[in-house]
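What follows is the content of final21.tsv, which has TSV, C-alpha atoms and all ligand atoms:
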chain	number	residue	atom	x	y	z
A	7	MET	CA	1.84	33.22	-21.25
A	8	GLU	CA	5.00	32.41	-23.15
A	9	TYR	CA	7.46	35.01	-24.48
A	10	LEU	CA	6.08	34.82	-28.03
A	11	GLY	CA	2.60	35.78	-26.80
A	12	HIS	CA	3.82	38.82	-24.85
A	13	LYS	CA	6.09	39.94	-27.69
A	14	THR	CA	3.32	39.61	-30.27
A	15	PHE	CA	0.87	41.50	-28.07
A	16	GLY	CA	3.42	44.32	-27.63
A	17	GLU	CA	4.02	44.55	-31.37
A	18	GLU	CA	0.32	44.56	-32.22
A	19	PHE	CA	-0.31	47.13	-29.49
A	20	CYS	CA	2.30	49.55	-30.88
A	21	GLU	CA	0.91	49.09	-34.37
A	22	HIS	CA	-2.69	49.65	-33.23
A	23	PHE	CA	-1.94	52.82	-31.25
A	24	ASP	CA	0.69	54.12	-33.66
A	25	VAL	CA	3.44	54.04	-31.04
A	26	PRO	CA	7.17	53.66	-31.93
A	27	GLN	CA	7.67	49.92	-32.40
A	28	GLU	CA	10.56	49.63	-29.90
A	29	TYR	CA	8.10	50.18	-27.03
A	30	TYR	CA	6.81	46.60	-27.45
A	31	VAL	CA	9.52	45.43	-25.02
A	32	TRP	CA	7.46	46.77	-22.10
A	33	ALA	CA	4.99	43.92	-22.75
A	34	TYR	CA	7.53	41.47	-21.33
A	35	ALA	CA	9.19	43.84	-18.84
A	36	PRO	CA	8.05	41.93	-15.69
A	37	ASP	CA	9.91	38.84	-16.99
A	38	TRP	CA	13.19	40.68	-16.84
A	39	GLY	CA	13.76	39.37	-13.31
A	40	TYR	CA	15.57	42.48	-12.13
A	41	TYR	CA	16.00	41.06	-8.64
A	42	LEU	CA	17.44	37.83	-9.99
A	43	SER	CA	20.86	39.04	-11.13
A	44	HIS	CA	19.27	41.40	-13.68
A	45	GLU	CA	18.55	38.65	-16.15
A	46	HIS	CA	15.61	36.67	-17.29
A	47	ASN	CA	15.23	33.54	-15.24
A	48	VAL	CA	12.87	30.96	-16.73
A	49	TYR	CA	12.00	29.32	-13.45
A	50	LEU	CA	11.98	32.16	-10.96
A	51	HIS	CA	10.81	35.18	-12.96
A	52	ARG	CA	7.22	34.80	-11.83
A	53	PHE	CA	8.31	35.61	-8.29
A	54	THR	CA	9.37	39.17	-9.09
A	55	LEU	CA	7.72	42.20	-10.67
A	56	HIS	CA	4.49	40.40	-11.53
A	57	GLY	CA	1.13	41.50	-10.13
A	58	PHE	CA	-0.62	44.81	-10.52
A	59	ASN	CA	0.97	46.31	-7.39
A	60	ASN	CA	4.38	45.98	-9.03
A	61	VAL	CA	3.62	47.97	-12.17
A	62	GLN	CA	5.16	51.24	-10.96
A	63	THR	CA	8.15	49.46	-9.41
A	64	CYS	CA	8.75	47.61	-12.65
A	65	ILE	CA	8.69	50.83	-14.68
A	66	ASN	CA	10.98	52.66	-12.24
A	67	LEU	CA	13.52	49.86	-12.26
A	68	LEU	CA	13.69	49.38	-16.00
A	69	LYS	CA	13.11	52.80	-17.52
A	70	ASP	CA	16.80	53.72	-17.71
A	71	LYS	CA	17.94	50.34	-18.96
A	72	VAL	CA	19.28	49.86	-22.46
A	73	HIS	CA	16.43	47.76	-23.83
A	74	PHE	CA	13.59	49.85	-22.44
A	75	PRO	CA	12.73	53.11	-24.23
A	76	TYR	CA	11.10	55.67	-21.98
A	77	ASP	CA	9.38	59.00	-22.56
A	78	ASP	CA	6.75	60.64	-20.34
A	79	GLU	CA	4.69	61.13	-23.48
A	80	TYR	CA	4.22	57.35	-23.64
A	81	LEU	CA	3.53	56.68	-19.97
A	82	ASP	CA	-0.02	55.42	-20.66
A	83	VAL	CA	1.40	53.07	-23.26
A	84	ILE	CA	4.08	51.74	-20.92
A	85	ASN	CA	1.58	51.28	-18.08
A	86	ALA	CA	-0.87	49.42	-20.31
A	87	LEU	CA	1.86	47.14	-21.67
A	88	VAL	CA	3.21	46.25	-18.22
A	89	VAL	CA	-0.34	45.59	-16.97
A	90	SER	CA	-1.00	43.44	-20.04
A	91	HIS	CA	1.88	41.19	-19.01
A	92	THR	CA	0.37	40.16	-15.71
A	93	TYR	CA	-3.06	39.89	-17.31
A	94	LEU	CA	-1.85	37.57	-20.07
A	95	ASP	CA	0.18	35.50	-17.61
A	96	LEU	CA	-2.97	35.15	-15.52
A	97	PHE	CA	-4.88	33.94	-18.48
A	98	ASN	CA	-3.38	30.46	-18.47
A	99	ASN	CA	-1.83	30.24	-15.04
A	100	TYR	CA	-1.92	31.60	-11.52
A	101	ILE	CA	0.23	34.49	-10.37
A	102	VAL	CA	2.05	33.79	-7.12
A	103	PRO	CA	2.78	36.52	-4.54
A	104	SER	CA	5.57	38.47	-6.23
A	105	TYR	CA	8.48	40.52	-4.92
A	106	PRO	CA	8.58	43.33	-3.92
A	107	ARG	CA	5.00	44.56	-3.55
A	108	SER	CA	2.34	42.15	-4.71
A	109	GLY	CA	1.22	39.74	-2.02
A	110	THR	CA	-1.70	38.15	-3.82
A	111	PHE	CA	-2.01	34.61	-5.10
A	112	LYS	CA	-4.39	35.21	-7.95
A	113	GLY	CA	-6.11	33.68	-10.93
A	114	LEU	CA	-9.01	34.88	-13.03
A	115	PRO	CA	-12.18	33.21	-11.71
A	116	GLU	CA	-13.44	31.99	-15.09
A	117	GLN	CA	-10.16	30.31	-15.89
A	118	ARG	CA	-9.92	27.97	-12.91
A	119	GLY	CA	-10.88	24.88	-14.89
A	120	TYR	CA	-8.52	25.95	-17.61
A	121	TYR	CA	-5.55	26.28	-15.22
A	122	LEU	CA	-6.08	22.66	-14.27
A	123	LYS	CA	-6.05	21.67	-17.93
A	124	VAL	CA	-2.78	23.55	-18.46
A	125	LEU	CA	-1.24	22.01	-15.35
A	126	LEU	CA	-2.18	18.53	-16.51
A	127	GLY	CA	-0.83	19.44	-19.95
A	128	TYR	CA	2.54	20.32	-18.41
A	129	ILE	CA	2.61	17.02	-16.56
A	130	LYS	CA	1.71	15.07	-19.68
A	131	GLY	CA	3.93	17.21	-21.88
A	132	ASP	CA	1.27	18.40	-24.32
A	133	VAL	CA	0.71	22.03	-23.39
A	134	PRO	CA	-1.14	23.73	-26.24
A	135	LYS	CA	0.90	26.47	-27.90
A	136	PRO	CA	-0.74	28.90	-30.32
A	137	SER	CA	1.25	29.90	-33.39
A	138	GLU	CA	2.50	33.46	-33.87
A	139	GLN	CA	-0.25	34.05	-36.45
A	140	GLU	CA	-2.93	32.81	-34.04
A	141	TYR	CA	-1.63	35.18	-31.36
A	142	ARG	CA	-1.55	38.02	-33.86
A	143	ASN	CA	-5.12	37.47	-35.06
A	144	ALA	CA	-6.46	37.20	-31.51
A	145	PHE	CA	-4.64	40.35	-30.33
A	146	LYS	CA	-5.82	42.33	-33.36
A	147	LYS	CA	-9.40	41.41	-32.46
A	148	ILE	CA	-8.87	42.41	-28.82
A	149	LEU	CA	-7.15	45.71	-29.66
A	150	ASN	CA	-9.85	46.68	-32.14
A	151	GLY	CA	-12.19	47.06	-29.17
A	152	PHE	CA	-10.02	49.82	-27.66
A	153	SER	CA	-9.29	53.36	-28.77
A	154	ASP	CA	-7.01	54.45	-25.91
A	155	PRO	CA	-4.14	52.61	-24.14
A	156	TRP	CA	-5.53	53.71	-20.78
A	157	ASP	CA	-8.78	51.79	-21.45
A	158	ILE	CA	-6.81	48.57	-21.81
A	159	GLU	CA	-4.98	49.18	-18.56
A	160	TRP	CA	-8.28	49.90	-16.81
A	161	TYR	CA	-10.09	46.89	-18.26
A	162	MET	CA	-7.34	44.43	-17.41
A	163	SER	CA	-6.88	45.81	-13.88
A	164	GLU	CA	-10.63	45.64	-13.18
A	165	GLU	CA	-10.86	42.08	-14.40
A	166	PHE	CA	-7.99	41.21	-12.09
A	167	LYS	CA	-9.95	42.59	-9.15
A	168	GLY	CA	-12.78	40.27	-10.12
A	169	LEU	CA	-15.32	42.93	-11.08
A	170	PRO	CA	-17.94	41.55	-13.40
A	171	GLN	CA	-18.14	44.07	-16.26
A	172	ASN	CA	-17.68	42.94	-19.85
A	173	ARG	CA	-15.09	40.44	-18.91
A	174	THR	CA	-16.06	37.75	-21.37
A	175	GLN	CA	-14.97	39.65	-24.48
A	176	ILE	CA	-11.21	39.16	-24.10
A	177	THR	CA	-11.55	35.79	-22.38
A	178	GLU	CA	-13.53	34.35	-25.29
A	179	ILE	CA	-11.05	35.58	-27.89
A	180	LEU	CA	-8.13	34.11	-25.95
A	181	LEU	CA	-9.86	30.81	-25.23
A	182	ASP	CA	-10.40	30.53	-28.96
A	183	ILE	CA	-6.69	30.08	-29.62
A	184	TYR	CA	-6.00	27.67	-26.77
A	201	ZN	ZN	5.68	36.65	-16.87

Could you express the structure from this file as C-alpha cells?
Amino acid sequence: MEYLGHKTFGEEFCEHFDVPQEYYVWAYAPDWGYYLSHEHNVYLHRFTLHGFNNVQTCINLLKDKVHFPYDDEYLDVINALVVSHTYLDLFNNYIVPSYPRSGTFKGLPEQRGYYLKVLLGYIKGDVPKPSEQEYRNAFKKILNGFSDPWDIEWYMSEEFKGLPQNRTQITEILLDIY
C-alpha cells in the first residue's frame, strides 16, 4: 500500500482508540528502511523490516528516533500499527523475504488474482489509487469492528498465517475502494 494509505490508517487508528495523534507514524515505520542508510528508499524498502517476524526488531530500532514517539503505555498501539503496515502492504502485493528476520514470501490467499491485476496495472501504468477520503471511510469502517488495539494485531497476524476465521470482513471493505 502507498504512503497515503498507511498514514491515513495510522491517523484513523489514533482517533478511534483515543491515542496521541503523533503515534500514527508507527503505521509506516517498516518503510523507514533503517538498514538502507537510515532513510526511506522507494525501491528497496520492502526488503527490510517488513513481515510479522520483524515487528519487534522494527520497534527496537526506531523507538529512540526523533520521529517515533514511544511509551510502554502504548506498546499495544505501536505493535498493532507496525503489524498493520505489513498487512496493508500484503493487501495489494506480495511481501518478499525481508531483512533481518522474516524469510517468508507471502501473499494473502484470497488476493492472488488481485495481485496479478495490480501487477498488470503497473505495467500498463493505470494502477488504481484510492483518494484520501476513500481510505478514510474504509478504515473507519474497519476500525469500528474493533474495541482494543490488540484485537487488530491478532486479527491481522492470524490472517497472515492463513487461518480461516472471519477474514472476509476487512478484505471486502478494502476491495471496495480498489
Ligand atoms: Zn511498506

Cut-off 7 Å, all atoms listed in the file, neighbours of ligand ZN 201 (chain A) as a ChimeraX atom specification: /A:7,34,36-37,51-52,56,91-92,95

Restrict the selected residues to C-alpha atoms and save them as a short mmCIF file (atom, residue, chain, number, x, y, z; two decimals), in the frame of the given file.
data_model
loop_
_atom_site.label_atom_id
_atom_site.label_comp_id
_atom_site.auth_asym_id
_atom_site.auth_seq_id
_atom_site.Cartn_x
_atom_site.Cartn_y
_atom_site.Cartn_z
CA MET A 7 1.84 33.22 -21.25
CA TYR A 34 7.53 41.47 -21.33
CA PRO A 36 8.05 41.93 -15.69
CA ASP A 37 9.91 38.84 -16.99
CA HIS A 51 10.81 35.18 -12.96
CA ARG A 52 7.22 34.80 -11.83
CA HIS A 56 4.49 40.40 -11.53
CA HIS A 91 1.88 41.19 -19.01
CA THR A 92 0.37 40.16 -15.71
CA ASP A 95 0.18 35.50 -17.61
#

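If you measure from each of A:Asp82, A:Glu21, A:Glu165, A:Glu28 to A:Leu149 using only C-alpha atoms, the closest one turns out to be A:Glu21.
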
May I have the residues within 8 Å of stretch 153-163 of chain A as a count of residues only, using only C-alpha atoms and disregarding those fewer than 5 positions away in the same chain? 10

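Picture a line from atom CA of A:Gly119 to atom CA of A:Glu140; it runs 22.2 Å.
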
Under the rule that all atoms listed in the file are counted, which of A:Arg107, A:Lys112, A:His22, A:His12 is the nearest residue to A:Leu55?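 Between A:Arg107, A:Lys112, A:His22, A:His12, the residue approaching A:Leu55 most closely is A:Arg107.
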
Kindly extract all protein, DNA and RNA residues lying within 9 Å of the coordinates (2.6, 55.2, -26.6) given in the file, considering all atoms listed in the file, and supply them as a ChimeraX atom specification. /A:20,23-26,29,77,79-84,155

Record the distance separating atom CA of A:Leu181 and atom CA of A:Leu125, expressed in Å with one decimal.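 The value is 15.8 Å.
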
Which distance in Å separates atom CA of A:Ile65 and atom CA of A:Trp32, to one decimal?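 Rounded to one decimal, the two atoms are 8.5 Å apart.
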
For A:Thr177, which of A:Lys135, A:Lys147, A:Arg142, A:Lys13 is the closest residue, counting all atoms listed in the file?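 Residue with the minimum atom-to-atom distance to A:Thr177: A:Lys147.
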
For A:Gly57, which residue out of A:Ile148, A:Val133, A:Leu10, A:Val88 is the nearest one, using all atoms listed in the file? A:Val88

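The closest residue to A:Tyr120, picked from A:Tyr105, A:Phe53, A:Phe152, A:Tyr184 and counting all atoms listed in the file, is A:Tyr184.
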
So which residues touch A:Ser108 within 6 Å, counting all atoms listed in the file, skipping near sequence neighbours fewer than 4 positions away, as a PDB file with C-alpha atoms, keeping the file's coordinate frame?
ATOM      1  CA  GLY A  57       1.130  41.500 -10.130  1.00  0.00           C
ATOM      2  CA  ASN A  59       0.970  46.310  -7.390  1.00  0.00           C
ATOM      3  CA  PRO A 103       2.780  36.520  -4.540  1.00  0.00           C
ATOM      4  CA  SER A 104       5.570  38.470  -6.230  1.00  0.00           C
TER       5      SER A 104
END

Find the residue from A:Asn98, A:Val31, A:Phe166, A:Thr110 that sits nearest to A:Phe19; use only C-alpha atoms when measuring.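 Of A:Asn98, A:Val31, A:Phe166, A:Thr110, the one nearest A:Phe19, counting only C-alpha atoms, is A:Val31.
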
Quick one: what's the axis-aligned box for stretch 128-136 of chain A, all listed atoms, 3 Å on every side, centre and edges in Å to one decimal, as lines of an AutoDock Vina configuration file?
center_x = 1.4
center_y = 22.0
center_z = -23.4
size_x = 11.1
size_y = 19.8
size_z = 19.8
